[in-house]
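Here is the file entry-v4.txt (compact mmCIF, C-alpha atoms and all ligand atoms).
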# COMPACT_ATOMS: atom_id res chain seq x y z
CA MET A 851 -54.54 -124.64 -90.19
CA LEU A 852 -53.50 -125.29 -86.62
CA LEU A 853 -55.43 -128.57 -86.58
CA PHE A 854 -53.65 -129.60 -89.76
CA ALA A 855 -50.26 -128.87 -88.17
CA VAL A 856 -51.16 -130.91 -85.07
CA ARG A 857 -52.20 -133.84 -87.26
CA LEU A 858 -48.89 -133.73 -89.07
CA ILE A 859 -46.93 -133.80 -85.83
CA ALA A 860 -49.07 -136.61 -84.47
CA SER A 861 -47.80 -139.30 -86.78
CA VAL A 862 -45.67 -142.30 -85.92
CA ARG A 863 -42.64 -143.42 -87.90
CA ILE A 864 -40.69 -146.55 -87.02
CA GLU A 865 -37.02 -146.22 -87.95
CA ARG A 866 -35.60 -149.29 -86.26
CA LEU A 867 -36.96 -152.53 -84.82
CA GLU A 868 -35.17 -154.73 -82.32
CA LEU A 869 -36.41 -158.20 -81.54
CA ARG A 870 -35.36 -160.24 -78.53
CA LEU A 871 -36.19 -163.75 -77.36
CA LEU A 872 -36.22 -163.94 -73.55
CA ARG A 873 -36.64 -166.63 -70.95
CA LEU A 874 -37.79 -165.90 -67.41
CA PRO A 875 -38.34 -168.58 -64.78
CA LEU A 876 -41.86 -168.63 -63.28
CA VAL A 877 -42.05 -168.16 -59.50
CA ARG A 878 -44.51 -171.10 -59.46
CA HIS A 879 -45.33 -173.49 -62.25
CA PHE A 880 -48.61 -172.82 -64.07
CA GLU A 881 -50.82 -175.70 -65.20
CA THR A 882 -53.72 -175.51 -67.65
CA SER A 883 -55.58 -178.16 -69.61
CA PHE A 884 -52.62 -177.98 -72.05
CA GLY A 885 -49.99 -178.95 -69.51
CA ARG A 886 -47.54 -177.44 -67.04
CA SER A 887 -45.04 -174.58 -67.61
CA TYR A 888 -42.05 -173.79 -65.41
CA ASP A 889 -40.73 -170.82 -67.32
CA ARG A 890 -41.93 -168.28 -69.85
CA LEU A 891 -40.26 -167.78 -73.21
CA PHE A 892 -41.42 -164.67 -75.05
CA LEU A 893 -40.36 -161.97 -77.50
CA LEU A 894 -39.89 -158.31 -76.79
CA VAL A 895 -40.12 -155.73 -79.57
CA LYS A 896 -38.31 -152.41 -79.17
CA LEU A 897 -39.05 -149.71 -81.76
CA GLU A 898 -37.17 -146.48 -82.33
CA GLY A 899 -38.42 -143.41 -84.13
CA GLY A 900 -38.08 -139.63 -83.85
CA GLY A 901 -35.66 -139.96 -80.93
CA HIS A 902 -38.12 -142.06 -78.87
CA VAL A 903 -38.51 -145.77 -78.16
CA GLY A 904 -41.55 -147.98 -77.76
CA TRP A 905 -41.78 -151.46 -76.24
CA GLY A 906 -44.12 -154.34 -76.96
CA GLU A 907 -44.34 -157.84 -75.51
CA CYS A 908 -45.41 -160.73 -77.71
CA VAL A 909 -47.77 -163.13 -75.93
CA ALA A 910 -46.97 -166.18 -78.09
CA GLU A 911 -45.71 -169.07 -76.01
CA HIS A 912 -42.93 -171.57 -76.61
CA ASN A 913 -45.49 -174.19 -77.71
CA PRO A 914 -48.50 -173.93 -80.09
CA TYR A 915 -51.08 -175.14 -77.53
CA TYR A 916 -53.05 -172.02 -76.57
CA SER A 917 -52.70 -170.68 -80.12
CA SER A 918 -51.02 -171.87 -83.31
CA GLU A 919 -48.39 -169.15 -82.95
CA THR A 920 -45.13 -169.77 -81.08
CA THR A 921 -42.08 -167.70 -80.13
CA GLU A 922 -40.38 -169.04 -83.26
CA THR A 923 -43.26 -168.34 -85.67
CA THR A 924 -43.62 -164.81 -84.31
CA TRP A 925 -39.87 -164.25 -84.63
CA HIS A 926 -40.03 -165.42 -88.25
CA VAL A 927 -43.14 -163.45 -89.22
CA ILE A 928 -42.09 -160.22 -87.50
CA SER A 929 -38.56 -160.21 -88.92
CA GLU A 930 -39.41 -161.41 -92.44
CA PHE A 931 -42.86 -159.93 -93.11
CA ILE A 932 -44.05 -157.38 -90.56
CA ALA A 933 -40.88 -155.33 -90.13
CA PRO A 934 -40.66 -154.54 -93.89
CA LEU A 935 -44.29 -153.35 -93.85
CA VAL A 936 -43.76 -150.84 -91.02
CA LEU A 937 -40.14 -149.66 -91.20
CA GLY A 938 -39.79 -146.15 -92.63
CA VAL A 939 -43.56 -145.71 -93.12
CA ASP A 940 -45.30 -142.60 -91.74
CA PHE A 941 -48.48 -143.74 -90.03
CA PRO A 942 -50.89 -140.88 -89.19
CA HIS A 943 -51.80 -142.81 -86.04
CA PRO A 944 -50.87 -146.24 -84.63
CA ARG A 945 -54.47 -147.35 -85.17
CA GLU A 946 -53.65 -147.44 -88.91
CA ILE A 947 -50.96 -150.10 -88.52
CA PHE A 948 -53.20 -153.18 -88.22
CA ALA A 949 -54.80 -152.53 -91.63
CA ALA A 950 -51.35 -152.02 -93.17
CA LEU A 951 -50.49 -155.57 -92.09
CA ALA A 952 -53.61 -157.12 -93.67
CA ARG A 953 -51.58 -158.87 -96.35
CA VAL A 954 -50.19 -161.13 -93.62
CA ARG A 955 -52.97 -163.57 -92.77
CA GLY A 956 -53.46 -164.49 -89.12
CA HIS A 957 -50.30 -164.21 -86.99
CA PHE A 958 -52.15 -161.86 -84.66
CA MET A 959 -49.68 -162.22 -81.80
CA ALA A 960 -46.80 -161.24 -84.09
CA LYS A 961 -48.78 -158.25 -85.40
CA GLY A 962 -49.96 -157.27 -81.93
CA ALA A 963 -46.45 -157.12 -80.48
CA VAL A 964 -45.33 -154.62 -83.11
CA GLU A 965 -48.56 -152.63 -83.13
CA MET A 966 -48.59 -152.28 -79.34
CA ALA A 967 -44.96 -151.13 -79.32
CA ALA A 968 -45.93 -148.50 -81.90
CA TRP A 969 -48.71 -147.21 -79.60
CA ASP A 970 -46.16 -146.89 -76.80
CA LEU A 971 -43.77 -145.06 -79.16
CA PHE A 972 -46.60 -142.76 -80.27
CA ALA A 973 -47.72 -141.99 -76.70
CA ARG A 974 -44.13 -141.23 -75.67
CA GLN A 975 -43.74 -138.91 -78.67
CA GLN A 976 -46.97 -137.18 -77.62
CA GLN A 977 -45.77 -137.02 -74.00
CA GLN A 978 -48.98 -138.66 -72.85
CA PRO A 979 -49.76 -141.83 -70.92
CA LEU A 980 -50.70 -144.80 -73.07
CA TRP A 981 -54.18 -144.97 -71.52
CA GLN A 982 -54.89 -141.49 -72.84
CA ALA A 983 -53.88 -142.42 -76.39
CA LEU A 984 -56.12 -145.51 -76.11
CA GLY A 985 -59.13 -143.59 -74.81
CA GLY A 986 -59.10 -144.92 -71.25
CA ASN A 987 -59.36 -143.12 -67.92
CA GLY A 988 -56.14 -144.28 -66.21
CA LEU A 989 -57.92 -145.27 -62.99
CA PRO A 990 -56.87 -148.34 -60.95
CA VAL A 991 -58.03 -151.61 -62.50
CA ALA A 992 -60.06 -154.29 -60.70
CA SER A 993 -57.94 -157.41 -60.62
CA GLY A 994 -58.60 -161.12 -60.35
CA VAL A 995 -56.25 -164.09 -60.35
CA SER A 996 -55.98 -167.16 -62.52
CA ILE A 997 -55.10 -170.26 -60.52
CA GLY A 998 -53.70 -173.24 -62.37
CA ILE A 999 -54.61 -176.88 -61.90
CA GLN A 1000 -53.09 -178.12 -58.62
CA ASP A 1001 -51.95 -181.54 -57.44
CA SER A 1002 -54.80 -181.82 -54.92
CA LEU A 1003 -58.01 -180.09 -53.85
CA ASP A 1004 -56.36 -179.25 -50.50
CA GLU A 1005 -53.61 -177.43 -52.36
CA LEU A 1006 -56.23 -175.60 -54.42
CA VAL A 1007 -58.03 -174.40 -51.29
CA GLU A 1008 -54.71 -173.23 -49.86
CA ARG A 1009 -53.85 -171.23 -53.01
CA VAL A 1010 -57.29 -169.63 -53.15
CA ALA A 1011 -56.99 -168.62 -49.49
CA ILE A 1012 -53.62 -166.95 -50.19
CA GLU A 1013 -54.97 -164.99 -53.17
CA ARG A 1014 -58.14 -163.95 -51.31
CA GLU A 1015 -55.89 -162.65 -48.55
CA ALA A 1016 -53.96 -160.56 -51.12
CA GLY A 1017 -57.25 -158.81 -51.99
CA TYR A 1018 -58.01 -160.08 -55.49
CA GLN A 1019 -61.60 -159.36 -56.51
CA ARG A 1020 -62.33 -162.66 -58.21
CA ILE A 1021 -60.87 -166.11 -58.44
CA LYS A 1022 -60.57 -168.03 -61.69
CA ILE A 1023 -59.54 -171.65 -61.67
CA LYS A 1024 -58.38 -173.67 -64.61
CA ILE A 1025 -60.49 -176.77 -65.24
CA LYS A 1026 -60.29 -179.91 -67.38
CA PRO A 1027 -62.18 -183.21 -67.41
CA GLY A 1028 -61.52 -184.78 -64.00
CA TRP A 1029 -60.73 -181.41 -62.38
CA ASP A 1030 -63.96 -179.42 -62.56
CA VAL A 1031 -67.20 -180.01 -60.60
CA ASP A 1032 -65.42 -181.36 -57.50
CA ALA A 1033 -62.99 -178.45 -57.46
CA VAL A 1034 -65.78 -175.88 -57.73
CA GLU A 1035 -67.89 -177.68 -55.12
CA ARG A 1036 -64.95 -177.69 -52.72
CA LEU A 1037 -64.30 -173.96 -53.19
CA ARG A 1038 -67.98 -173.07 -52.72
CA SER A 1039 -68.21 -175.10 -49.53
CA ARG A 1040 -65.00 -173.54 -48.14
CA PHE A 1041 -65.33 -169.92 -49.35
CA GLY A 1042 -69.07 -169.42 -49.89
CA ALA A 1043 -70.40 -166.97 -52.46
CA ILE A 1044 -67.08 -165.45 -53.61
CA PRO A 1045 -66.80 -164.16 -57.21
CA LEU A 1046 -65.65 -167.37 -58.89
CA MET A 1047 -65.21 -168.48 -62.50
CA VAL A 1048 -63.60 -171.33 -64.44
CA ASP A 1049 -61.47 -171.50 -67.60
CA ALA A 1050 -61.37 -174.75 -69.59
CA ASN A 1051 -59.02 -173.69 -72.40
CA ALA A 1052 -61.08 -175.72 -74.87
CA ALA A 1053 -60.85 -179.01 -72.96
CA TYR A 1054 -64.46 -180.16 -73.58
CA THR A 1055 -66.79 -181.07 -76.44
CA LEU A 1056 -70.54 -180.75 -76.90
CA ALA A 1057 -70.82 -184.35 -75.69
CA ASP A 1058 -69.91 -182.94 -72.23
CA ALA A 1059 -72.85 -180.48 -72.19
CA ALA A 1060 -74.79 -182.34 -69.49
CA HIS A 1061 -71.68 -182.60 -67.33
CA LEU A 1062 -70.90 -178.88 -67.72
CA ALA A 1063 -74.51 -178.06 -66.83
CA ARG A 1064 -73.75 -179.46 -63.36
CA LEU A 1065 -71.66 -176.31 -62.86
CA ASP A 1066 -74.88 -174.24 -63.06
CA ALA A 1067 -75.63 -175.18 -59.45
CA PHE A 1068 -72.60 -173.14 -58.28
CA GLU A 1069 -73.55 -169.75 -59.76
CA LEU A 1070 -70.22 -169.11 -61.40
CA MET A 1071 -69.60 -165.69 -62.97
CA MET A 1072 -68.83 -167.50 -66.23
CA ILE A 1073 -67.23 -170.50 -67.87
CA GLU A 1074 -64.40 -169.45 -70.18
CA GLN A 1075 -63.74 -171.23 -73.49
CA PRO A 1076 -65.23 -174.64 -72.72
CA LEU A 1077 -65.14 -175.87 -76.35
CA ASP A 1078 -62.69 -175.86 -79.22
CA TYR A 1079 -60.63 -172.79 -80.02
CA ASP A 1080 -62.15 -172.22 -83.46
CA ASP A 1081 -65.69 -173.35 -82.73
CA ILE A 1082 -68.20 -170.55 -82.28
CA ALA A 1083 -71.24 -172.52 -83.50
CA ASP A 1084 -70.95 -175.27 -80.87
CA HIS A 1085 -70.53 -172.62 -78.16
CA ALA A 1086 -73.90 -171.18 -79.23
CA THR A 1087 -75.47 -174.64 -78.87
CA LEU A 1088 -73.82 -175.09 -75.46
CA GLN A 1089 -74.83 -171.65 -74.20
CA ARG A 1090 -78.49 -172.54 -74.86
CA GLN A 1091 -78.05 -175.52 -72.52
CA LEU A 1092 -76.25 -173.64 -69.72
CA ALA A 1093 -77.45 -171.03 -67.22
CA THR A 1094 -73.80 -170.09 -66.56
CA PRO A 1095 -72.64 -167.38 -68.99
CA VAL A 1096 -70.11 -168.57 -71.55
CA CYS A 1097 -67.08 -166.29 -72.03
CA LEU A 1098 -64.98 -166.70 -75.16
CA ASP A 1099 -61.20 -166.28 -75.16
CA GLU A 1100 -59.36 -168.40 -77.79
CA SER A 1101 -62.27 -168.19 -80.29
CA ILE A 1102 -62.29 -164.39 -80.56
CA THR A 1103 -59.45 -163.40 -82.86
CA SER A 1104 -61.15 -160.45 -84.56
CA ALA A 1105 -63.89 -157.88 -84.07
CA ARG A 1106 -65.87 -159.56 -86.84
CA LEU A 1107 -65.81 -162.90 -85.01
CA ALA A 1108 -66.77 -161.13 -81.78
CA ILE A 1109 -69.83 -159.61 -83.45
CA GLN A 1110 -70.78 -162.94 -85.04
CA ALA A 1111 -70.38 -164.75 -81.72
CA LEU A 1112 -72.69 -162.25 -80.03
CA GLU A 1113 -75.24 -162.48 -82.84
CA LEU A 1114 -75.23 -166.28 -82.61
CA GLY A 1115 -75.56 -166.24 -78.82
CA ALA A 1116 -72.27 -168.14 -78.45
CA CYS A 1117 -71.26 -166.16 -75.36
CA ARG A 1118 -72.44 -163.44 -72.98
CA ILE A 1119 -68.99 -162.12 -72.04
CA ILE A 1120 -65.75 -161.64 -74.00
CA ASN A 1121 -62.16 -161.84 -72.79
CA ILE A 1122 -59.95 -159.30 -74.58
CA LYS A 1123 -56.25 -160.01 -75.05
CA PRO A 1124 -54.69 -157.53 -77.44
CA GLY A 1125 -52.01 -160.06 -78.41
CA ARG A 1126 -54.68 -162.53 -79.56
CA LEU A 1127 -56.46 -159.78 -81.55
CA GLY A 1128 -53.50 -158.29 -83.42
CA GLY A 1129 -53.09 -155.29 -81.13
CA PHE A 1130 -54.86 -152.42 -79.46
CA ALA A 1131 -56.82 -151.13 -82.46
CA GLU A 1132 -58.69 -154.40 -83.00
CA SER A 1133 -59.11 -154.77 -79.22
CA ILE A 1134 -60.80 -151.37 -79.09
CA ARG A 1135 -63.13 -152.46 -81.91
CA VAL A 1136 -64.09 -155.58 -79.92
CA HIS A 1137 -64.51 -153.45 -76.80
CA ASP A 1138 -66.77 -151.00 -78.65
CA ALA A 1139 -68.84 -153.71 -80.36
CA CYS A 1140 -69.45 -155.40 -77.00
CA ALA A 1141 -70.35 -152.07 -75.39
CA ALA A 1142 -72.89 -151.42 -78.18
CA ALA A 1143 -74.40 -154.88 -77.57
CA GLY A 1144 -74.50 -154.38 -73.78
CA VAL A 1145 -71.96 -157.18 -73.29
CA PRO A 1146 -69.20 -156.71 -70.69
CA VAL A 1147 -65.56 -157.46 -71.46
CA TRP A 1148 -62.58 -158.12 -69.21
CA HIS A 1149 -58.86 -158.19 -69.83
CA GLY A 1150 -57.19 -161.57 -70.06
CA GLY A 1151 -53.59 -162.38 -69.27
CA MET A 1152 -50.87 -164.50 -70.87
CA LEU A 1153 -48.31 -164.69 -68.07
CA GLU A 1154 -46.78 -161.43 -69.27
CA SER A 1155 -43.73 -159.75 -67.78
CA GLY A 1156 -44.25 -156.28 -66.32
CA ILE A 1157 -43.94 -154.78 -69.81
CA GLY A 1158 -46.94 -156.61 -71.27
CA ARG A 1159 -48.77 -156.41 -67.95
CA ALA A 1160 -48.44 -152.59 -68.00
CA ALA A 1161 -49.87 -152.46 -71.54
CA ASN A 1162 -52.83 -154.58 -70.37
CA LEU A 1163 -53.48 -152.19 -67.48
CA HIS A 1164 -53.62 -149.13 -69.73
CA LEU A 1165 -56.13 -150.79 -72.08
CA SER A 1166 -58.20 -152.03 -69.13
CA THR A 1167 -59.16 -148.47 -68.24
CA LEU A 1168 -61.56 -148.23 -71.20
CA PRO A 1169 -65.13 -148.07 -69.88
CA ASN A 1170 -66.55 -151.43 -70.97
CA PHE A 1171 -63.91 -153.41 -69.04
CA ARG A 1172 -66.55 -154.01 -66.40
CA LEU A 1173 -65.29 -157.25 -64.83
CA PRO A 1174 -62.00 -157.90 -62.98
CA GLY A 1175 -59.14 -158.80 -65.33
CA ASP A 1176 -56.34 -161.38 -65.19
CA ILE A 1177 -53.80 -158.66 -64.36
CA ALA A 1178 -52.31 -159.71 -61.07
CA ALA A 1179 -49.14 -158.54 -59.33
CA SER A 1180 -45.86 -159.30 -61.11
CA ARG A 1181 -44.54 -161.22 -58.13
CA ARG A 1182 -47.03 -164.04 -58.64
CA TYR A 1183 -45.07 -164.80 -61.81
CA PHE A 1184 -41.60 -163.25 -61.96
CA ASP A 1185 -39.20 -162.16 -59.25
CA PRO A 1186 -37.51 -159.92 -60.11
CA ASP A 1187 -39.65 -158.59 -62.93
CA LEU A 1188 -38.19 -156.73 -65.93
CA ILE A 1189 -39.61 -153.47 -64.58
CA ASP A 1190 -38.89 -151.63 -61.34
CA PRO A 1191 -41.03 -150.98 -59.41
CA ALA A 1192 -42.93 -154.15 -60.24
CA ILE A 1193 -46.72 -154.16 -60.71
CA ASP A 1194 -48.53 -154.70 -57.44
CA VAL A 1195 -52.06 -155.17 -56.21
CA LEU A 1196 -53.56 -152.88 -53.55
CA PRO A 1197 -55.39 -154.36 -50.55
CA ASP A 1198 -58.73 -153.48 -52.23
CA GLY A 1199 -57.87 -155.78 -55.16
CA THR A 1200 -57.15 -153.02 -57.67
CA VAL A 1201 -53.91 -152.48 -59.57
CA PRO A 1202 -52.81 -148.89 -60.26
CA VAL A 1203 -51.85 -148.05 -63.85
CA PRO A 1204 -48.09 -147.36 -64.06
CA ALA A 1205 -47.49 -143.61 -64.34
CA ASP A 1206 -43.69 -143.29 -64.29
CA GLY A 1207 -43.49 -141.13 -67.43
CA PRO A 1208 -45.36 -141.17 -70.77
CA GLY A 1209 -46.35 -144.28 -72.75
CA LEU A 1210 -46.34 -147.50 -70.70
CA GLY A 1211 -45.16 -145.51 -67.68
CA VAL A 1212 -42.77 -148.19 -66.45
CA HIS A 1213 -39.04 -148.22 -65.81
CA ILE A 1214 -37.59 -151.12 -67.79
CA VAL A 1215 -34.43 -152.50 -66.18
CA GLU A 1216 -32.40 -153.08 -69.31
CA SER A 1217 -29.72 -155.08 -67.47
CA ARG A 1218 -32.41 -157.62 -66.50
CA VAL A 1219 -33.71 -157.64 -70.06
CA ASP A 1220 -30.16 -158.31 -71.28
CA GLN A 1221 -29.66 -161.06 -68.74
CA ALA A 1222 -32.85 -162.86 -69.80
CA THR A 1223 -32.14 -162.44 -73.53
CA LEU A 1224 -31.35 -165.64 -75.47
CA ARG A 1225 -31.24 -164.06 -78.93
CA ARG A 1226 -31.42 -160.60 -80.42
CA VAL A 1227 -31.67 -159.02 -83.87
CA GLU A 1228 -31.86 -155.42 -85.09
CA ILE A 1229 -33.71 -154.52 -88.25
CA GLY A 1230 -33.63 -151.14 -90.01
O1 LIG A 1301 -56.55 -168.88 -71.07
O2 LIG A 1301 -56.49 -167.07 -70.01
C1 LIG A 1301 -55.89 -168.04 -70.48
C2 LIG A 1301 -52.24 -168.07 -69.38
C3 LIG A 1301 -51.62 -168.50 -70.52
C4 LIG A 1301 -52.39 -168.82 -71.62
C5 LIG A 1301 -53.78 -168.69 -71.56
C6 LIG A 1301 -54.40 -168.23 -70.41
C7 LIG A 1301 -53.61 -167.95 -69.30
C8 LIG A 1301 -54.15 -167.53 -68.01
C9 LIG A 1301 -53.22 -166.79 -67.11
O3 LIG A 1301 -55.25 -167.82 -67.62
C10 LIG A 1301 -53.66 -165.40 -66.89
C11 LIG A 1301 -52.56 -164.57 -66.27
O4 LIG A 1301 -51.69 -164.06 -66.99
O5 LIG A 1301 -52.61 -164.41 -65.07
MG MG A 1302 -58.57 -168.20 -71.08
What does this structure look like when you write it as structure tokens?
Ligand code: OSB
Ligand code: MG
Amino acid sequence: MLLFAVRLIASVRIERLELRLLRLPLVRHFETSFGRSYDRLFLLVKLEGGGHVGWGECVAEHNPYYSSETTETTWHVISEFIAPLVLGVDFPHPREIFAALARVRGHFMAKGAVEMAAWDLFARQQQQPLWQALGGNGLPVASGVSIGIQDSLDELVERVAIEREAGYQRIKIKIKPGWDVDAVERLRSRFGAIPLMVDANAAYTLADAAHLARLDAFELMMIEQPLDYDDIADHATLQRQLATPVCLDESITSARLAIQALELGACRIINIKPGRLGGFAESIRVHDACAAAGVPVWHGGMLESGIGRAANLHLSTLPNFRLPGDIAASRRYFDPDLIDPAIDVLPDGTVPVPADGPGLGVHIVESRVDQATLRRVEIG
């Protein structure tokens, strides 16, 4: 009887949804194999229900280069199709929301933004930290940094030295044809056997297999997403030709694809980004499937503001996040951030999980949110 009562109380009901489009300038430009960005455009979702609020950050970018979704497609799909499926519905638990959105095909970043906000709303209603609702341990998270393509190898060495000084536990550099073996060779000769990895963001094809195998000499932790975003089969072929573990990012948009990739031998490590996977529930399924297969995961980043960064930290405290994540200090990206205090790295290269109240545990500076807002709509 008591259990039944607790279950009833522990539901989540979204009464109102607010969507905002924001622009924040980046402290430093960020360059990947797709090109260079100087600012970050993104959506924020604010949910209200039962006298509480919940916040979610959408990781879709202004352009459809990392993924087919953009700030405009996510705005459209959330306001026209996702909001009507969640508003006024009593969900027994936020983990039920993803399935309720199944009618909408794809659009995982749009779904994820709303679903993650609902987990925050739920955790705040329950007066518990988000990590607890997710099944994590709330301990500080091992952090690495992602360093974009630079104008010269000297500049790259300088950036790596700065980030090593800050304490980060591993260095990831972005690579593309023409900026790969030489860059890695230079870093190995300057910094020795540091934890080092590369991320190609799908810049190569199987025809480059012999070239990529030259990276094996440098004992990298992994090579992230060398081949096309939707190509798991070719990654399996490539992995057979490489000693370096392949990690998949773009290719893993569902738990089913994660399991198939592992079965095919397409990768030995998976990068989890809840935005890419439609939210926390599907991320936990990927996490659990990898744990069952003995495959480590780590938490990726999408140049999030402190709001999305906080969400990533909470999820990263689940036990199979066994490698440092791309969850660096806010000030590498935004200054000031939308939250205060901002997220910071400790000298040992870990980042504490925000604990300023239930849910995300961050103080959102609404005046800064307002100032960065380009457009806003309320639904419900
Ligand atoms: O591939 O991991 C990626 C940023 C934007 C889009 C894709 C990626 C990235 C990063 C940055 O690597 C990670 C971060 O937020 O620090
Ligand atoms: Mg990546």
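Among the candidate residues A:Gln976, A:Ser861, A:Thr882, A:Asn913, the one lying nearest to His943 in chain A is A:Ser861, with distances computed using all atoms listed in the file.
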Sorted by chain and rising residue number, list the residues of chain A at most 8 Å from ligand MG 1302 (chain A) (counting all atoms listed in the file), each with its closest atom pair and distance in Å to one decimal, as a tab-separated table.
residue	atom	partner	partner_atom	distance
A:Asp1049	CA	A:MG1302	MG	5.6
A:Ala1050	CA	A:MG1302	MG	7.3
A:Asn1051	CA	A:MG1302	MG	5.7
A:Glu1074	CA	A:MG1302	MG	6.0
A:Gln1075	CA	A:MG1302	MG	6.5
A:Leu1098	CA	A:MG1302	MG	7.7
A:Asp1099	CA	A:MG1302	MG	5.2
A:Glu1100	CA	A:MG1302	MG	6.8
A:Asn1121	CA	A:MG1302	MG	7.5
A:Gly1150	CA	A:MG1302	MG	6.8
A:Gly1151	CA	A:MG1302	MG	7.9
Could you save the residues just selected, with C-alpha atoms, as an mmCIF file, keeping the file's coordinate frame?
data_model
loop_
_atom_site.group_PDB
_atom_site.id
_atom_site.type_symbol
_atom_site.label_atom_id
_atom_site.label_comp_id
_atom_site.auth_asym_id
_atom_site.auth_seq_id
_atom_site.Cartn_x
_atom_site.Cartn_y
_atom_site.Cartn_z
ATOM 1 C CA ASP A 1049 -61.470 -171.500 -67.600
ATOM 2 C CA ALA A 1050 -61.370 -174.750 -69.590
ATOM 3 C CA ASN A 1051 -59.020 -173.690 -72.400
ATOM 4 C CA GLU A 1074 -64.400 -169.450 -70.180
ATOM 5 C CA GLN A 1075 -63.740 -171.230 -73.490
ATOM 6 C CA LEU A 1098 -64.980 -166.700 -75.160
ATOM 7 C CA ASP A 1099 -61.200 -166.280 -75.160
ATOM 8 C CA GLU A 1100 -59.360 -168.400 -77.790
ATOM 9 C CA ASN A 1121 -62.160 -161.840 -72.790
ATOM 10 C CA GLY A 1150 -57.190 -161.570 -70.060
ATOM 11 C CA GLY A 1151 -53.590 -162.380 -69.270
#
Selection as a PyMOL selection string: residues within 10 Å of ligand LIG 1301 (chain A) by only C-alpha atoms and all ligand atoms: chain A and resi 880-884+887+890+909-911+915-917+993-998+1022-1024+1048-1052+1074-1075+1098-1100+1121-1123+1149-1155+1158-1159+1175-1180+1182-1183
With only C-alpha atoms counted, which protein, DNA or RNA residues have an atom no more than 12 Å from (-50.0, -139.7, -75.2) in the file frame? Please answer as a ChimeraX atom specification. /A:860-862,943-944,968-986,988,1164,1205,1207-1211
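Among the candidates A:Arg1036, A:Arg866, A:Arg1181, A:Arg1118, the one nearest to Gly1156 in chain A when counting only C-alpha atoms is A:Arg1181.
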Taking (-79.3, -167.8, -83.7) in the file's coordinates, which residues come within 12 Å, counting all atoms listed in the file, written as a ChimeraX atom specification? /A:1082-1087,1089-1090,1110-1117
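You can rank A:Leu871, A:Leu876, A:Leu989, A:Leu1046 by their closest distance to Pro1169 in chain A using all atoms listed in the file, and at the top of that list sits A:Leu989.
Nearest to Pro914 in chain A of all the residues A:Gly1028, A:Ala1192, A:Ala1053, A:Met959 is A:Met959, based on all atoms listed in the file.
Residues in contact range of range 1142-1145 of chain A, defined as at most 10 Å between all atoms listed in the file, with sequence neighbours fewer than 2 positions away removed, read Ile1109, Leu1112, Glu1113, Cys1117, Arg1118, Ile1119, Ile1120, Val1136, His1137, Asp1138, Ala1139, Cys1140, Val1147, Asn1170, Phe1171 and Arg1172 of chain A.
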